[in-house]
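**Student:** Would you mind keeping the following structure in view while I ask a few things?
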Amino acid sequence: MLKKFTLLTLLAAVSANAWCQTFTKTTYGVSVKTGTINTELQVFNPSVIRVIKSPGLIPGNPSLSVIAHPAKTTFTVKQDPDQLTLSTIKITATINLKSGAISYYTPPGKLLMAEQHGAASVEQGADMGVKQSFTLPAHVAIYGLGQHQEGVMNYREHTVELKQRNTEIAVPFILTSDGNGVLWDNASATQFSDTNGTTTFESAAGPAIDYYFIAGANANNVIAELQFLTGKAPMFPKWVFGFWQSRERYTGQTELLDVIKKYRGLKVPLDGIVQDWQYWGKDYDTWSSTEFGNPSFPSPDKMIDSVHQMHAHIMISVWPNFGKNTAIYKELNNNGLLFNFKTWPTTPEVKVYDAFNPKARDIYWKYLNKNLLSIGIDGWWLDATEPEQGNTQQSDSAKTYIGSFKAVRDAFPLVTTQGVYEHQRKTDSQKRVFILTRSAFTGQQRNATATWSGDIQSSWQVFRKQISGGLNLVLSGIPYWNTDIGGFYTARYPQGIHDDAFKELYTRWFQFAVFTPIFRSHGTGTPREIYQFGKKGYWAYDTQEKFIHLRYRLLPYIYSEAWQVTAHSSAMMRALVMDFPQDRAVLNIDNEYLFGKSILVAPVTDSLYTQTVNGQTQTNFSQIKNKNVYLPEGTTWIDFWSGKRYNGGQSISYNTPISKIPLFIKAGSIIPLGPIQQYVDELKAATVEIRIYPGANGRFTLYDDEGDNYNYERGQYSTIDFTWNNARKTLTIHNRKGAYPGLLKARTFKIAIVKEGVNTGVSLSSTYKTIRYYGKAITIPLHTK
């Protein structure tokens with residue numbers, strides 16, 4: 001029988017002379033033995049301390065998530081009779097030499113977080129469990145943990161299973177509302193709980209307790225430090241931020257191409273089209289072959305050429321499991337690189353590959369490159385990256401290249417996306433990697449991935465729960481997220497697009513999706529293309545068209561925010577606590593957020609205009625309904641649609657006709673708006689409107705580059721800083737910094753001041769001052785009355 005060592009039992013016999021226990025100051029921290037537990041603290045930088053605890057030697061297993069190494073950092077170590085103290089300029093950590101518990105303080109002595117005495121355990125053996133409990137201040141909220149479907153924003157007094165599965169994304173990281181974080185560096189299934197003042201991580205397997213404490217002072221700094229540890233998100237191609245049309249599934253190349261043709265004919269913007277499964281054929285033995293074996297796709301290379309000729313891009317579905325008659329299955333199987341547990345499809349001859357093995361990743365990429373990238377595929381839809389498992393006990397017993405599947409199961413999406421990202425970077429430096437994936441793990445942002453929320457149901461309740469799920473994933477350090485607009489499964493709406501109730505849900509979801517990092521329509525059971533909802537002049541069509549145009553007008557703002565994500569570990573979709581941590585009213589708000597740092601979004605997540613008459617659903621727009629919106633304190637808010645100003649720190653009742661959702665702009669914001677166009681950079685030289693929302697000083701950095709290569713990593717990009725002086729009523733456009741091939745030497749800006757009823761909404765502003773800018777600083781006086 002394996003013996004479980006707990007700090008409580010192991011240290012019970014430690015004498016009053018515990019302060020004499022052995023400690024060693026190391027290059028990067030301190031190593032101390034209390035009882036029979038070895039504890040090592042490693043200072044990664046002044047704000048980040050790693051803690052490792054083991055009943056034996058400190059293991060040297062490399063982390064799958066953390067790629068940083070401790071940096072040479074100034075710190076001090078002080079020994080007192082009952083404790084050892086390690087201090088940097090940002091954190092003081094004390095180790096109780098009787099219990100081994102560690103507490104974290106600010107340098108002035110404010111308690112941030114503390115391990116509970118006797119509340120850590122390590123079971124002997126790499127596949128045995130580890131556990132650590134903490135105490136947090138009672139007023140602090142807890143965020144992060146990936147994406148889950150309970151609709152929870154703040155995880156105080158909640159329990160969450162961190163185990164990858166469809167719609168549930170496991171990221172063992174928490175961020176607190178007072179600006180601290182804990183990265184629990186363990187890839188096995190983990191139970192997180194916060195009950196009665198005790199916050200606990202308990203993992204199914206691990207050779208040691210291994211976590212990182214981050215003292216960030218605010219959420220933005222914590223996420224930056226987390227990405228210092230685990231890697232930053234690279235830039236996506238610019239076209240990725242346009243509109244994506246998808247469905248389960250386009251049955252042949254003619255159908256797929258006709259969708260793009262119809263969008264172009266309607267002059268409705270579109271940048272991405274997606275080919276879902278069965279392009280390889282309908283036989284499970286050819287499952288995920290990565291080859292176009294379906295006769296409905298007779299000329300895939302010509303199909304992709306046609307997509308590109310229409311100025312669109314194509315993404316394709318690839319799974320991590322393969323049918324027995326595929327070449328990729330046979331090569332992986334011959335090398336012993338397939339797991340033997342049940343997956344989906346459930347036929348026994350469809351098997352998952354060992355993505356933890358670099359040789360398996362090489363083979364996987366070999367077929368993606370040969371069969372798909374070589375004919376022009378632009379993006380990867382890596383589906384079912386949990387991976388799908390029919391029996392988790394069976395999968396736990398599987399062996400990977402680096403140990404048991406049980407010990408590393410949650411990191412499968414990290415390593416399979418890593419293989420694609422790293423190989424494509426080596427293969428084609430002119431094409432930025434873009435990966436859409438159904439699951440994520442700590443550090444996955446460095447692999448150029450966007451994660452979607454999984455195969456969710458179409459319902460208003462599910463819709464609302466996606467918002468808190470996405471916000472918490474972003475607060476877990478994964479910046480790019482999206483959903484299937486309207487929900488994937490439409491079982492509650494069997495008539496689909498012929499049901500007014502579904503149209504209302506889809507339209508509201510569509511409006512929300514404009515303000516998510518990736519704007520993508522997908523689902524099964526009913527088609528989703530805009531023209532399926534009616535013709536121009538019909539409310540569902542007109543509202544979708546209006547919001548697609550708004551998305552494209554916002555592209556300069558969105559792409560500049562994407563640069564902030566890459567360069568400064570910012571977030572595009574921002575929980576309110578990120579920007580208003582002192583406003584306690586925002587701590588639990590699960591249905592509002594900022595898009596970028598300027599736009600407050602309050603999606604409409606209730607049915608307001610559909611009613612059932614004689615068994616049939618129909619819309620009734622005769623009376624405009626309202627929605628309650630909370631406006632965070634500390635700033636003035638300006639209605640995007642009307643220009644009306646509101647004080648922060650209050651809830652308002654806001655009119656929400658089907659044609660709009662509540663959008664408010666923070667006073668002092670500077671928002672660049674591009675032209676109405678049919679695809680990204682169709683009108684690259686067009687005038688950019690600069691909207692100023694007066695009421696406070698403001699600043700915005702407009703970023704641009706070539707849009708689809710990695711030259712920006714070598715400094716080939718440009719930024720232009722705009723600053724608004726509210727007292728003087730002047731806008732300064734500063735000297736342009738940097739350059740890149742194809743840079744426009746001269747730009748035309750239309751400077752528009754937003755007032756009530758003036759320069760609002762999607763349309764081009766009517767009152768403005770035109771400026772021709774040649775890269776040199778210019779200050780423009782403006783009138784706001």
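Ligands are numbered from 1 in the order shown, residues from 1 within each chain, and chains are lettered A, B, ... in the order they appear in the structure tokens.
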Within stretch 250-426 of chain A, find each residue whose DSSP state, derived from the backbone, is helix (DSSP H, G or I), and express the selection as a ChimeraX atom specification.
**Tutor:** /A:253-266,284-286,300-309,327-334,358-371,373-375,392-396,405-426
**Student:** Name all residues at most 10 Å from A:Leu743 (count only C-alpha atoms; drop same-chain ones fewer than 6 positions away) and give them as a ChimeraX atom specification.
**Tutor:** /A:685,704-706,716-718
**Student:** From the list A:Thr760, A:Thr254, A:Gln424, A:Trp381, which residue is nearest A:Asp362 when using only C-alpha atoms?
**Tutor:**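 Closest candidate: A:Gln424.
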**Student:** Counting only C-alpha atoms, which residue out of A:Tyr710, A:Tyr531, A:Tyr630, A:Phe512 sits closest to A:Val586?
**Tutor:**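 Between A:Tyr710, A:Tyr531, A:Tyr630, A:Phe512, the residue approaching A:Val586 most closely is A:Tyr630.
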**Student:** Which residue, A:Gln275, A:Tyr703, A:Thr385, A:Ile58, has the smallest gap to A:Ala567 when you use only C-alpha atoms?
**Tutor:**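 The shortest atom-to-atom distance to A:Ala567 comes from A:Tyr703.
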**Student:** When you count only C-alpha atoms, which of these residues is closest to A:Val240: A:Ile558, A:Val307, A:Leu257, A:Val222?
**Tutor:** A:Ile558
**Student:** Could you give me, as an MDAnalysis selection string, the residues within 12 Å of stretch 397-400 of chain A, counting only C-alpha atoms and dropping anything in the same chain fewer than 3 positions from it?
**Tutor:** chainID A and resid 127 336:342 352:358 360 389 391:394 403:409 411:412 415
**Student:** Can you tell me, as a ChimeraX atom specification, what residues are no more than 7 Å from stretch 776-779 of chain A when counting only C-alpha atoms, ignoring any on the same chain fewer than 4 positions away?
**Tutor:** /A:730-736
**Student:** Applying 12 Å and only C-alpha atoms, which residues near A:Pro479 remain after dropping the ones on its own chain fewer than 4 positions away? List them as a PyMOL selection string.
**Tutor:** chain A and resi 144+146+220+223-224+226-227+231-236+440+442-452+470-475+516-518+561-566+568-575+595-596
**Student:** Using only C-alpha atoms, which protein or nucleic acid residues come within 12 Å of A:Phe243? Drop anything in the same chain fewer than 3 positions from it, and give the result as a PyMOL selection string.
**Tutor:** chain A and resi 238-240+246+260+263+268-274+312-314+485+510+513-522+529-530+544-545+547-552+555+677-680
**Student:** Could you check how far atom CA of A:Gln42 sits from atom CA of A:Val77, in Å to one decimal?
**Tutor:** 12.2 Å
**Student:** With only C-alpha atoms as the counted atoms, please give the residues lying no more than 10 Å from stretch 769-773 of chain A, apart from itself and same-chain residues fewer than 3 positions off, as a PyMOL selection string.
**Tutor:** chain A and resi 687-690+733-736+745-753+766+776-778+780-782
**Student:** Name the residues of stretch 427-565 of chain A that fall into strand (DSSP E) according to DSSP on the backbone, using the chain letters and numbers of this document, as JSON, numbers by chain.
**Tutor:** {"A": [435, 436, 437, 449, 450, 451, 452, 481, 482, 519, 520, 521]}
**Student:** Suppose we keep C-alpha atoms; can you now write the selection as a CSV table (one decimal), in the first residue's frame?
**Tutor:**
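The new file out01.csv reads:
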chain,number,residue,atom,x,y,z
A,435,ILE,CA,-5.3,27.6,-35.2
A,436,LEU,CA,-8.8,27.3,-33.9
A,437,THR,CA,-9.1,24.7,-31.2
A,449,THR,CA,-4.4,29.5,-31.1
A,450,ALA,CA,-7.9,30.8,-30.7
A,451,THR,CA,-10.3,28.7,-28.6
A,452,TRP,CA,-14.0,28.3,-29.1
A,481,TRP,CA,-11.8,33.1,-27.6
A,482,ASN,CA,-15.1,32.8,-29.5
A,519,PHE,CA,-16.2,36.7,-35.3
A,520,ARG,CA,-17.4,33.3,-36.5
A,521,SER,CA,-20.8,31.7,-37.4
**Student:** Pick the closest to A:Ser121 from A:Ala208, A:Val171, A:Met153, A:Leu136: which is it, counting only C-alpha atoms?
**Tutor:** A:Ala208
**Student:** Quick one: pull the distance between atom CA of A:His308 and atom CA of A:Gly419, Å, one decimal.
**Tutor:**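 Atom CA of A:Gly419 lies 26.2 Å from atom CA of A:His308.
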**Student:** So, with only C-alpha atoms as the atoms that count, which of A:Val420, A:Ala384, A:Ile652, A:Ala501 lies closest to A:Gln611?
**Tutor:**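 Smallest separation from A:Gln611 among the options: A:Ala501.
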**Student:** So what do you get for atom CA of A:Thr719 versus atom CA of A:Tyr740, distance-wise?
**Tutor:**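 Between these atoms lies a distance of 10.7 Å.
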